[in-house]
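What follows is the content of my_file02.cif (mmCIF, C-alpha atoms (C1' of nucleotides) and all ligand atoms).
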```cif
data_final
loop_
_atom_site.label_atom_id
_atom_site.label_comp_id
_atom_site.auth_asym_id
_atom_site.auth_seq_id
_atom_site.Cartn_x
_atom_site.Cartn_y
_atom_site.Cartn_z
CA MET Q 1 -115.37 -61.50 130.11
CA SER Q 2 -113.98 -60.89 126.68
CA VAL Q 3 -116.30 -59.87 123.95
CA SER Q 4 -114.87 -62.69 121.91
CA LYS Q 5 -117.19 -65.14 123.54
CA THR Q 6 -120.12 -63.66 121.71
CA ILE Q 7 -118.54 -61.81 118.84
CA PRO Q 8 -116.11 -63.73 116.64
CA VAL Q 9 -112.72 -62.18 116.39
CA ALA Q 10 -113.18 -61.33 112.75
CA TRP Q 11 -116.07 -59.05 113.67
CA GLN Q 12 -114.15 -57.23 116.32
CA ARG Q 13 -112.98 -53.91 115.08
CA THR Q 14 -110.45 -53.53 117.82
CA HIS Q 15 -107.56 -55.59 116.60
CA ASP Q 16 -104.32 -54.03 115.42
CA HIS Q 17 -104.94 -53.17 111.79
CA GLY Q 18 -101.38 -52.10 111.26
CA GLN Q 19 -100.09 -55.51 112.16
CA CYS Q 20 -102.73 -57.32 110.18
CA ILE Q 21 -101.90 -55.25 107.08
CA ALA Q 22 -98.19 -55.87 107.49
CA GLY Q 23 -98.84 -59.56 107.89
CA ALA Q 24 -100.86 -59.72 104.72
CA ILE Q 25 -98.20 -57.88 102.73
CA ASP Q 26 -95.44 -60.07 104.08
CA ALA Q 27 -97.38 -63.21 103.25
CA ALA Q 28 -98.02 -61.97 99.72
CA ALA Q 29 -94.37 -61.02 99.27
CA ARG Q 30 -93.20 -64.44 100.38
CA ILE Q 31 -95.69 -66.21 98.13
CA CYS Q 32 -94.66 -64.12 95.13
CA GLU Q 33 -91.02 -64.87 95.89
CA SER Q 34 -91.72 -68.58 95.94
CA ARG Q 35 -93.74 -68.41 92.75
CA GLY Q 36 -91.15 -66.36 90.92
CA ILE Q 37 -93.54 -63.53 90.16
CA ARG Q 38 -93.30 -59.86 90.92
CA LEU Q 39 -95.11 -58.01 93.64
CA THR Q 40 -94.29 -54.63 92.12
CA PRO Q 41 -94.56 -51.45 94.20
CA LEU Q 42 -97.84 -50.65 92.52
CA ARG Q 43 -99.33 -54.05 93.22
CA ARG Q 44 -98.05 -53.99 96.75
CA ARG Q 45 -99.54 -50.56 97.31
CA VAL Q 46 -102.95 -51.61 95.99
CA LEU Q 47 -102.88 -54.64 98.24
CA GLU Q 48 -102.06 -52.34 101.15
CA LEU Q 49 -104.95 -50.07 100.25
CA VAL Q 50 -107.31 -53.01 100.14
CA TRP Q 51 -106.20 -54.04 103.60
CA GLU Q 52 -106.21 -50.51 104.96
CA ASN Q 53 -109.88 -50.29 104.17
CA HIS Q 54 -110.27 -53.57 105.94
CA LYS Q 55 -113.64 -54.13 104.37
CA PRO Q 56 -114.85 -54.57 100.83
CA VAL Q 57 -113.92 -51.53 98.77
CA GLY Q 58 -114.76 -50.66 95.19
CA ALA Q 59 -112.21 -50.33 92.43
CA TYR Q 60 -112.86 -46.62 92.05
CA GLY Q 61 -112.55 -46.10 95.77
CA LEU Q 62 -109.13 -47.67 95.62
CA LEU Q 63 -108.36 -45.58 92.57
CA ASP Q 64 -109.14 -42.35 94.40
CA GLU Q 65 -106.85 -43.32 97.22
CA LEU Q 66 -104.09 -44.40 94.90
CA LYS Q 67 -104.31 -41.19 92.88
CA ARG Q 68 -103.37 -39.11 95.92
CA GLU Q 69 -99.88 -40.51 95.83
CA HIS Q 70 -99.69 -41.74 92.26
CA SER Q 71 -101.21 -39.17 89.98
CA SER Q 72 -100.88 -41.24 86.83
CA ALA Q 73 -103.25 -43.88 88.15
CA ALA Q 74 -106.28 -44.60 85.97
CA PRO Q 75 -108.93 -47.33 85.96
CA PRO Q 76 -106.71 -49.83 84.15
CA THR Q 77 -104.04 -49.28 86.79
CA ILE Q 78 -106.35 -50.51 89.52
CA TYR Q 79 -107.99 -53.25 87.53
CA ARG Q 80 -104.66 -54.67 86.43
CA ALA Q 81 -103.42 -54.71 89.99
CA LEU Q 82 -106.65 -56.25 91.24
CA ASP Q 83 -106.57 -58.88 88.51
CA PHE Q 84 -103.08 -59.81 89.53
CA LEU Q 85 -103.93 -59.90 93.22
CA MET Q 86 -107.01 -62.02 92.57
CA GLU Q 87 -105.13 -64.43 90.33
CA GLN Q 88 -102.63 -64.95 93.10
CA GLY Q 89 -105.39 -65.34 95.65
CA PHE Q 90 -104.44 -62.30 97.74
CA VAL Q 91 -107.73 -60.56 97.15
CA HIS Q 92 -111.28 -61.75 96.63
CA ARG Q 93 -114.01 -60.08 94.69
CA ILE Q 94 -117.38 -59.72 96.38
CA GLN Q 95 -119.75 -60.17 93.48
CA SER Q 96 -122.80 -58.77 95.18
CA LEU Q 97 -120.99 -55.54 96.05
CA ASN Q 98 -118.68 -55.10 93.07
CA ALA Q 99 -116.01 -54.75 95.69
CA TYR Q 100 -112.71 -56.27 96.66
CA VAL Q 101 -111.39 -57.49 99.97
CA GLY Q 102 -108.15 -58.98 101.22
CA CYS Q 103 -107.98 -62.73 101.69
CA ASN Q 104 -107.35 -63.92 105.22
CA ASP Q 105 -105.66 -67.05 104.12
CA PRO Q 106 -103.74 -66.54 100.89
CA GLY Q 107 -101.33 -69.06 99.53
CA HIS Q 108 -103.52 -72.04 99.83
CA SER Q 109 -106.32 -72.54 97.37
CA HIS Q 110 -109.70 -72.37 98.99
CA LYS Q 111 -113.32 -71.66 98.34
CA GLY Q 112 -114.39 -68.93 100.67
CA ILE Q 113 -117.80 -68.03 101.91
CA PHE Q 114 -118.57 -64.43 102.69
CA LEU Q 115 -120.92 -63.13 105.33
CA ILE Q 116 -121.61 -59.52 104.44
CA CYS Q 117 -123.13 -57.02 106.84
CA ASN Q 118 -125.64 -54.76 105.16
CA ASP Q 119 -125.17 -52.13 107.84
CA CYS Q 120 -121.44 -51.72 108.50
CA GLY Q 121 -120.40 -53.20 105.17
CA ASP Q 122 -117.88 -55.54 106.67
CA ALA Q 123 -117.39 -58.97 105.16
CA LEU Q 124 -116.26 -62.03 107.01
CA GLU Q 125 -114.57 -64.73 105.02
CA ILE Q 126 -115.14 -68.15 106.41
CA GLU Q 127 -114.18 -71.50 105.11
CA ASP Q 128 -116.42 -74.47 105.14
CA LYS Q 129 -115.63 -77.63 103.30
CA GLY Q 130 -119.19 -78.77 103.85
CA VAL Q 131 -120.73 -76.13 101.63
CA ALA Q 132 -118.06 -76.52 98.97
CA ASN Q 133 -118.41 -80.28 99.01
CA THR Q 134 -122.17 -80.16 98.78
CA ILE Q 135 -121.90 -77.98 95.72
CA ASP Q 136 -119.24 -80.26 94.27
CA ARG Q 137 -121.43 -83.32 94.77
CA PHE Q 138 -124.38 -81.59 93.22
CA ALA Q 139 -122.36 -80.52 90.21
CA SER Q 140 -120.81 -83.91 89.57
CA ARG Q 141 -124.17 -85.62 89.91
CA LEU Q 142 -125.37 -83.36 87.10
CA GLY Q 143 -122.27 -83.94 85.03
CA PHE Q 144 -121.17 -80.36 85.49
CA LEU Q 145 -117.45 -79.64 85.59
CA LEU Q 146 -116.85 -76.97 88.23
CA THR Q 147 -114.12 -74.40 87.94
CA SER Q 148 -115.17 -71.81 90.48
CA GLN Q 149 -117.82 -71.05 93.00
CA SER Q 150 -119.02 -68.01 94.83
CA VAL Q 151 -121.01 -68.14 98.03
CA GLU Q 152 -122.13 -64.87 99.55
CA ALA Q 153 -124.63 -64.29 102.32
CA ALA Q 154 -125.88 -60.92 103.49
CA GLY Q 155 -127.49 -59.79 106.69
CA LEU Q 156 -126.53 -58.16 109.95
CA CYS Q 157 -123.36 -58.83 111.89
CA PRO Q 158 -123.57 -59.26 115.66
CA GLY Q 159 -122.44 -55.71 116.34
CA CYS Q 160 -124.97 -54.12 114.04
CA GLN Q 161 -127.90 -56.10 115.43
CA GLU Q 162 -127.65 -54.27 118.72
CA ALA Q 163 -128.42 -50.89 117.18
CA MET C 1 -132.57 -94.37 75.17
CA SER C 2 -133.29 -90.84 76.13
CA VAL C 3 -130.48 -88.43 76.61
CA SER C 4 -131.99 -87.55 79.94
CA LYS C 5 -130.15 -90.41 81.60
CA THR C 6 -126.88 -88.58 81.24
CA ILE C 7 -127.88 -84.98 80.68
CA PRO C 8 -130.34 -83.44 83.10
CA VAL C 9 -133.44 -82.15 81.47
CA ALA C 10 -132.55 -78.59 82.29
CA TRP C 11 -129.46 -78.84 80.14
CA GLN C 12 -131.31 -80.21 77.20
CA ARG C 13 -131.85 -77.57 74.59
CA THR C 14 -134.48 -79.57 72.83
CA HIS C 15 -137.57 -78.91 74.90
CA ASP C 16 -140.40 -76.74 73.68
CA HIS C 17 -139.41 -73.21 74.58
CA GLY C 18 -142.73 -71.81 73.51
CA GLN C 19 -144.55 -73.93 76.02
CA CYS C 20 -142.07 -73.25 78.77
CA ILE C 21 -142.37 -69.49 78.21
CA ALA C 22 -146.14 -69.66 78.23
CA GLY C 23 -146.07 -71.71 81.39
CA ALA C 24 -143.87 -69.17 83.14
CA ILE C 25 -146.10 -66.27 82.11
CA ASP C 26 -149.22 -68.10 83.19
CA ALA C 27 -147.73 -68.92 86.53
CA ALA C 28 -146.69 -65.32 87.06
CA ALA C 29 -150.11 -64.07 86.05
CA ARG C 30 -151.83 -66.39 88.49
CA ILE C 31 -149.48 -65.43 91.31
CA CYS C 32 -150.02 -61.73 90.65
CA GLU C 33 -153.75 -62.29 90.62
CA SER C 34 -153.61 -64.03 93.96
CA ARG C 35 -151.39 -61.33 95.43
CA GLY C 36 -153.53 -58.50 94.14
CA ILE C 37 -150.73 -56.88 92.20
CA ARG C 38 -150.51 -55.93 88.57
CA LEU C 39 -148.60 -57.80 85.91
CA THR C 40 -148.81 -54.89 83.49
CA PRO C 41 -148.20 -55.40 79.77
CA LEU C 42 -144.74 -53.96 80.16
CA ARG C 43 -143.81 -56.24 83.02
CA ARG C 44 -145.31 -59.22 81.28
CA ARG C 45 -143.37 -58.45 78.13
CA VAL C 46 -140.08 -58.13 79.99
CA LEU C 47 -140.72 -61.45 81.68
CA GLU C 48 -141.40 -62.96 78.26
CA LEU C 49 -138.15 -61.52 76.93
CA VAL C 50 -136.24 -62.99 79.85
CA TRP C 51 -137.72 -66.40 79.11
CA GLU C 52 -137.29 -66.10 75.37
CA ASN C 53 -133.59 -65.74 75.90
CA HIS C 54 -133.79 -68.80 78.08
CA LYS C 55 -130.45 -68.05 79.60
CA PRO C 56 -129.08 -65.21 81.68
CA VAL C 57 -129.41 -61.96 79.80
CA GLY C 58 -128.21 -58.49 80.70
CA ALA C 59 -130.49 -55.55 81.36
CA TYR C 60 -129.29 -53.71 78.28
CA GLY C 61 -129.76 -56.77 76.14
CA LEU C 62 -133.37 -56.88 77.26
CA LEU C 63 -133.63 -53.15 76.67
CA ASP C 64 -132.48 -53.49 73.06
CA GLU C 65 -135.09 -56.16 72.46
CA LEU C 66 -137.82 -54.19 74.16
CA LYS C 67 -137.00 -51.03 72.22
CA ARG C 68 -137.84 -52.72 68.92
CA GLU C 69 -141.49 -52.81 69.85
CA HIS C 70 -141.63 -50.13 72.51
CA SER C 71 -139.62 -47.15 71.40
CA SER C 72 -140.00 -45.21 74.61
CA ALA C 73 -138.13 -47.82 76.60
CA ALA C 74 -135.11 -46.57 78.48
CA PRO C 75 -132.87 -48.04 81.19
CA PRO C 76 -135.32 -47.22 84.00
CA THR C 77 -138.03 -49.05 82.09
CA ILE C 78 -136.11 -52.28 82.21
CA TYR C 79 -134.75 -51.89 85.69
CA ARG C 80 -138.17 -51.13 87.13
CA ALA C 81 -139.65 -54.17 85.45
CA LEU C 82 -136.76 -56.34 86.61
CA ASP C 83 -137.06 -55.01 90.15
CA PHE C 84 -140.71 -55.91 90.17
CA LEU C 85 -140.11 -59.34 88.69
CA MET C 86 -137.34 -60.05 91.18
CA GLU C 87 -139.40 -58.87 94.13
CA GLN C 88 -142.11 -61.24 93.11
CA GLY C 89 -139.62 -64.05 92.62
CA PHE C 90 -140.24 -64.48 88.90
CA VAL C 91 -136.70 -63.62 87.94
CA HIS C 92 -133.33 -64.08 89.60
CA ARG C 93 -130.25 -61.98 89.23
CA ILE C 94 -126.99 -63.76 88.50
CA GLN C 95 -124.49 -61.66 90.39
CA SER C 96 -121.41 -62.96 88.69
CA LEU C 97 -122.80 -62.13 85.25
CA ASN C 98 -124.81 -58.98 85.94
CA ALA C 99 -127.58 -60.86 84.23
CA TYR C 100 -131.13 -61.97 84.83
CA VAL C 101 -132.83 -65.29 84.34
CA GLY C 102 -136.32 -66.64 84.80
CA CYS C 103 -137.06 -68.65 87.91
CA ASN C 104 -138.09 -72.24 87.34
CA ASP C 105 -140.12 -72.39 90.45
CA PRO C 106 -141.73 -69.05 91.22
CA GLY C 107 -144.37 -68.58 93.83
CA HIS C 108 -142.62 -70.40 96.59
CA SER C 109 -139.77 -68.75 98.37
CA HIS C 110 -136.50 -70.55 97.88
CA LYS C 111 -132.78 -70.12 97.89
CA GLY C 112 -131.51 -71.17 94.53
CA ILE C 113 -128.10 -72.32 93.51
CA PHE C 114 -126.89 -71.58 90.02
CA LEU C 115 -124.58 -73.68 87.91
CA ILE C 116 -123.34 -71.44 85.14
CA CYS C 117 -121.68 -72.74 82.00
CA ASN C 118 -118.74 -70.58 80.95
CA ASP C 119 -119.05 -71.79 77.38
CA CYS C 120 -122.71 -71.72 76.38
CA GLY C 121 -123.71 -69.24 79.08
CA ASP C 122 -126.65 -71.27 80.26
CA ALA C 123 -127.49 -71.32 83.93
CA LEU C 124 -129.19 -74.14 85.75
CA GLU C 125 -131.07 -73.29 88.89
CA ILE C 126 -131.07 -76.07 91.40
CA GLU C 127 -132.40 -76.19 94.87
CA ASP C 128 -130.59 -77.76 97.72
CA LYS C 129 -131.64 -77.34 101.29
CA GLY C 130 -128.30 -78.79 102.35
CA VAL C 131 -126.25 -75.88 101.14
CA ALA C 132 -128.71 -73.31 102.44
CA ASN C 133 -128.89 -75.02 105.81
CA THR C 134 -125.13 -75.27 106.11
CA ILE C 135 -124.84 -71.56 105.49
CA ASP C 136 -127.63 -70.87 107.96
CA ARG C 137 -125.91 -72.93 110.64
CA PHE C 138 -122.64 -71.21 110.01
CA ALA C 139 -124.21 -67.81 110.24
CA SER C 140 -126.12 -68.47 113.43
CA ARG C 141 -123.06 -69.96 115.08
CA LEU C 142 -121.32 -66.65 114.38
CA GLY C 143 -124.27 -64.63 115.59
CA PHE C 144 -124.92 -63.35 112.09
CA LEU C 145 -128.52 -62.62 111.12
CA LEU C 146 -129.02 -63.74 107.53
CA THR C 147 -131.36 -62.01 105.15
CA SER C 148 -130.24 -63.31 101.78
CA GLN C 149 -127.75 -65.62 100.20
CA SER C 150 -126.32 -66.13 96.77
CA VAL C 151 -124.65 -69.30 95.61
CA GLU C 152 -123.20 -69.41 92.13
CA ALA C 153 -120.87 -71.95 90.62
CA ALA C 154 -119.26 -71.72 87.22
CA GLY C 155 -117.76 -74.34 84.95
CA LEU C 156 -118.71 -76.42 81.94
CA CYS C 157 -122.08 -78.03 81.41
CA PRO C 158 -122.24 -81.62 80.14
CA GLY C 159 -122.92 -80.54 76.58
CA CYS C 160 -120.00 -78.16 76.41
CA GLN C 161 -117.50 -80.63 77.83
CA GLU C 162 -117.77 -82.76 74.73
CA ALA C 163 -116.42 -80.07 72.45
"C1'" DT L 1 -168.88 -38.84 87.37
"C1'" DC L 2 -165.14 -36.93 88.83
"C1'" DA L 3 -161.88 -35.23 92.44
"C1'" DG L 4 -158.04 -36.91 94.78
"C1'" DC L 5 -154.85 -40.38 95.72
"C1'" DT L 6 -151.62 -44.22 94.43
"C1'" DT L 7 -149.16 -46.70 91.14
"C1'" DT L 8 -146.96 -46.99 86.91
"C1'" DT L 9 -144.55 -45.19 83.02
"C1'" DG L 10 -141.93 -41.42 80.25
"C1'" DT L 11 -137.89 -38.59 79.88
"C1'" DT L 12 -133.47 -36.80 80.62
"C1'" DA L 13 -129.37 -36.77 82.85
"C1'" DT L 14 -125.88 -38.70 85.53
"C1'" DC L 15 -123.27 -41.99 88.06
"C1'" DT L 16 -120.63 -46.30 88.76
"C1'" DT L 17 -118.06 -50.10 87.14
"C1'" DA L 18 -115.15 -52.25 83.72
"C1'" DT L 19 -112.59 -52.91 79.20
"C1'" DA L 20 -110.31 -51.87 74.71
"C1'" DT L 21 -106.41 -50.14 72.56
"C1'" DC L 22 -102.11 -48.59 71.72
"C1'" DG L 23 -97.79 -46.78 73.05
"C1'" DT L 24 -93.81 -46.70 76.27
"C1'" DA L 25 -90.85 -48.31 79.88
"C1'" DA L 26 -88.80 -51.72 82.80
"C1'" DC L 27 -87.15 -56.32 83.60
"C1'" DG L 28 -84.52 -60.64 82.84
"C1'" DG L 29 -82.11 -64.29 80.33
"C1'" DC L 30 -78.67 -64.75 77.07
"C1'" DG J 1 -76.15 -54.74 74.84
"C1'" DC J 2 -80.03 -57.41 72.48
"C1'" DC J 3 -84.61 -59.04 72.58
"C1'" DG J 4 -88.69 -61.22 74.15
"C1'" DT J 5 -91.75 -60.68 78.00
"C1'" DT J 6 -94.03 -58.30 81.36
"C1'" DA J 7 -95.71 -54.18 83.40
"C1'" DC J 8 -97.28 -49.47 83.25
"C1'" DG J 9 -99.12 -44.84 81.11
"C1'" DA J 10 -102.75 -42.65 78.69
"C1'" DT J 11 -107.02 -42.03 76.35
"C1'" DA J 12 -111.31 -43.46 75.01
"C1'" DT J 13 -115.35 -46.07 75.36
"C1'" DA J 14 -118.36 -49.81 76.78
"C1'" DA J 15 -121.54 -51.69 80.07
"C1'" DG J 16 -124.42 -51.51 84.04
"C1'" DA J 17 -127.36 -48.89 87.22
"C1'" DT J 18 -129.70 -44.95 89.45
"C1'" DA J 19 -131.55 -40.03 90.38
"C1'" DA J 20 -135.02 -36.84 89.73
"C1'" DC J 21 -139.06 -35.05 88.10
"C1'" DA J 22 -143.04 -35.03 84.96
"C1'" DA J 23 -146.94 -37.22 82.86
"C1'" DA J 24 -150.22 -40.80 82.45
"C1'" DA J 25 -153.06 -44.49 84.06
"C1'" DG J 26 -155.54 -46.99 87.50
"C1'" DC J 27 -158.15 -47.06 91.75
"C1'" DT J 28 -161.39 -45.27 95.47
"C1'" DG J 29 -164.80 -43.12 97.53
"C1'" DA J 30 -167.72 -39.14 97.67
ZN ZN H 1 -109.70 -66.18 100.95
ZN ZN H 2 -122.27 -54.80 110.76
ZN ZN H 3 -135.84 -69.67 91.50
ZN ZN H 4 -122.53 -75.14 78.23
#
```
So, in terms of structure tokens, how does the structure I just supplied come out?
Amino acid sequence: MSVSKTIPVAWQRTHDHGQCIAGAIDAAARICESRGIRLTPLRRRVLELVWENHKPVGAYGLLDELKREHSSAAPPTIYRALDFLMEQGFVHRIQSLNAYVGCNDPGHSHKGIFLICNDCGDALEIEDKGVANTIDRFASRLGFLLTSQSVEAAGLCPGCQEA
Amino acid sequence: MSVSKTIPVAWQRTHDHGQCIAGAIDAAARICESRGIRLTPLRRRVLELVWENHKPVGAYGLLDELKREHSSAAPPTIYRALDFLMEQGFVHRIQSLNAYVGCNDPGHSHKGIFLICNDCGDALEIEDKGVANTIDRFASRLGFLLTSQSVEAAGLCPGCQEA
DNA sequence: TCAGCTTTTGTTATCTTATATCGTAACGGC
DNA sequence: GCCGTTACGATATAAGATAACAAAAGCTGA
């Protein structure tokens, strides 16, 4: 039997990262094209680095990696790129980790929920209209005008529970 | 008519802060008593400062205030007190603001949801089992073992929409 | 009481994360 | 080619958090 019956695909570390990175870059490139904005080499490279890590990674971690091939990189370099990528929805920020992770489903606005493993550090982005709607209802009942929401849960992923 | 029909009491800035601070300190003192732990003068004072602000306040903001009357205070002073207060559930951390706020309902374990106003900076803690349960269900369906969750929503509170 | 342990606080230094500012270069419509 | 806009380079600094070790204060049981 496949492990996928017990461990969701997103938690499997065996898939082809190369392909999943390429897919994310292609998607971002197409979206930028359609929006008439520029996915510059720098921005593209930062997005690649985010995906290469394939788990939440800090801005200074990205900076170190970028510096190896782009010696002029400095904190603003990374933060500008990340700001752009987040504005466009290609990358999410994990508030509880001060870290950034690629979005599985860019191009369509959504309110993600993150399940973060305290052991391996991986973060699974899931989408659940139920949670978002419950929050929306609560807010409107209180007369609160929502503009953004962040839902993050931490614990142990299936793989790390075995250890 | 009272404004409370349209604006939830928590958003009203007209209540007696002095009493609400005193109530929070008393509650904390009683809980510490019952748990056999020490609400030292320092910890008590930091809790007071959190409540005096009456909205999320950063660690260094608290530090500046504490220094005025306690010149030996340094970053570890504040962070230790905040760690203690958070462990005991007297204070919550707002991840998206790197800020700390007093808990309305200490002493009983709960998973709060915060509605944060981007204009006035106030944060309303609400409790909704629905959201927590939805997240729990999601996690268990994925085989994820939850240990903590953070739900924060940002927008405009009723008062700040009028402006 | 006071020795010995635990908890709390003092002190200094350092680390991590993020922004401000200003100047220069590249792009794109005309 | 000109010019407004956008993006990038470079330096400095702000803001948030922790490490490490020493000193003081509280507790506990001879
Ligand atoms: Zn996403
Ligand atoms: Zn894990
Ligand atoms: Zn609370
Ligand atoms: Zn407001």
Inset, instruction - Return as a PyMOL selection string the residues of protein, DNA or RNA that approach ligand ZN 2 (chain H) to within 12 Å, with only C-alpha atoms (C1' of nucleotides) and all ligand atoms taken into account. - result: (chain Q and resi 7+10-13+55+115-124+154-163) or (chain C and resi 143-146)
Inset, instruction - Could you tell me, counting all atoms listed in the file, which protein and nucleic acid residues lie no more than 7 Å from ligand ZN 1 (chain H), written as a ChimeraX atom specification? - result: /Q:89,92,103-106,110,112,125
Could you give me, as a short mmCIF file (atom, residue, chain, number, x, y, z; two decimals) with C-alpha atoms (C1' of nucleotides), keeping the file's coordinate frame, the residues within 12 Å of DA23 of chain J, counting only C-alpha atoms (C1' of nucleotides) and dropping anything in the same chain fewer than 4 positions from it?
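Here's the written file result01.cif:
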```cif
data_model
loop_
_atom_site.label_atom_id
_atom_site.label_comp_id
_atom_site.auth_asym_id
_atom_site.auth_seq_id
_atom_site.Cartn_x
_atom_site.Cartn_y
_atom_site.Cartn_z
"C1'" DT L 8 -146.96 -46.99 86.91
"C1'" DT L 9 -144.55 -45.19 83.02
"C1'" DG L 10 -141.93 -41.42 80.25
"C1'" DT L 11 -137.89 -38.59 79.88
#
```
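Residues in contact range of DG4 of chain L, defined as at most 12 Å between only C-alpha atoms (C1' of nucleotides), with sequence neighbours fewer than 3 positions away removed, read DC27, DT28, DG29 and DA30 of chain J.
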Each residue of chain C with at least one atom at most 8 Å from chain J should appear once, together with its nearest atom pair and the corresponding distance in Å (one decimal); atoms considered: all atoms listed in the file; ordering: chain, then increasing residue number; output as JSON lines.
```
{"residue": "C:Ala59", "atom": "CA", "partner": "J:DG16", "partner_atom": "C1'", "distance": 7.8}
{"residue": "C:Tyr60", "atom": "CA", "partner": "J:DG16", "partner_atom": "C1'", "distance": 7.9}
{"residue": "C:Asn98", "atom": "CA", "partner": "J:DG16", "partner_atom": "C1'", "distance": 7.7}
```
Inset, instruction - Grab the atom CA of Ala24 of chain Q to atom CA of Gly61 of chain Q distance for me, in Å with one decimal place. - result: 20.1 Å
Inset, instruction - May I ask which of the residues Q:Asp83, Q:Asp26, Q:Asp16, Q:Glu33 is the closest one to chain L, counting only C-alpha atoms (C1' of nucleotides)? - result: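 When distances to chain L are compared using only C-alpha atoms (C1' of nucleotides), the smallest one comes from Q:Asp83.
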Inset, instruction - Just need the residues of chain L within 9 Å of chain Q, counting all atoms listed in the file, so spit them out as a PyMOL selection string. - result: chain L and resi 16-19
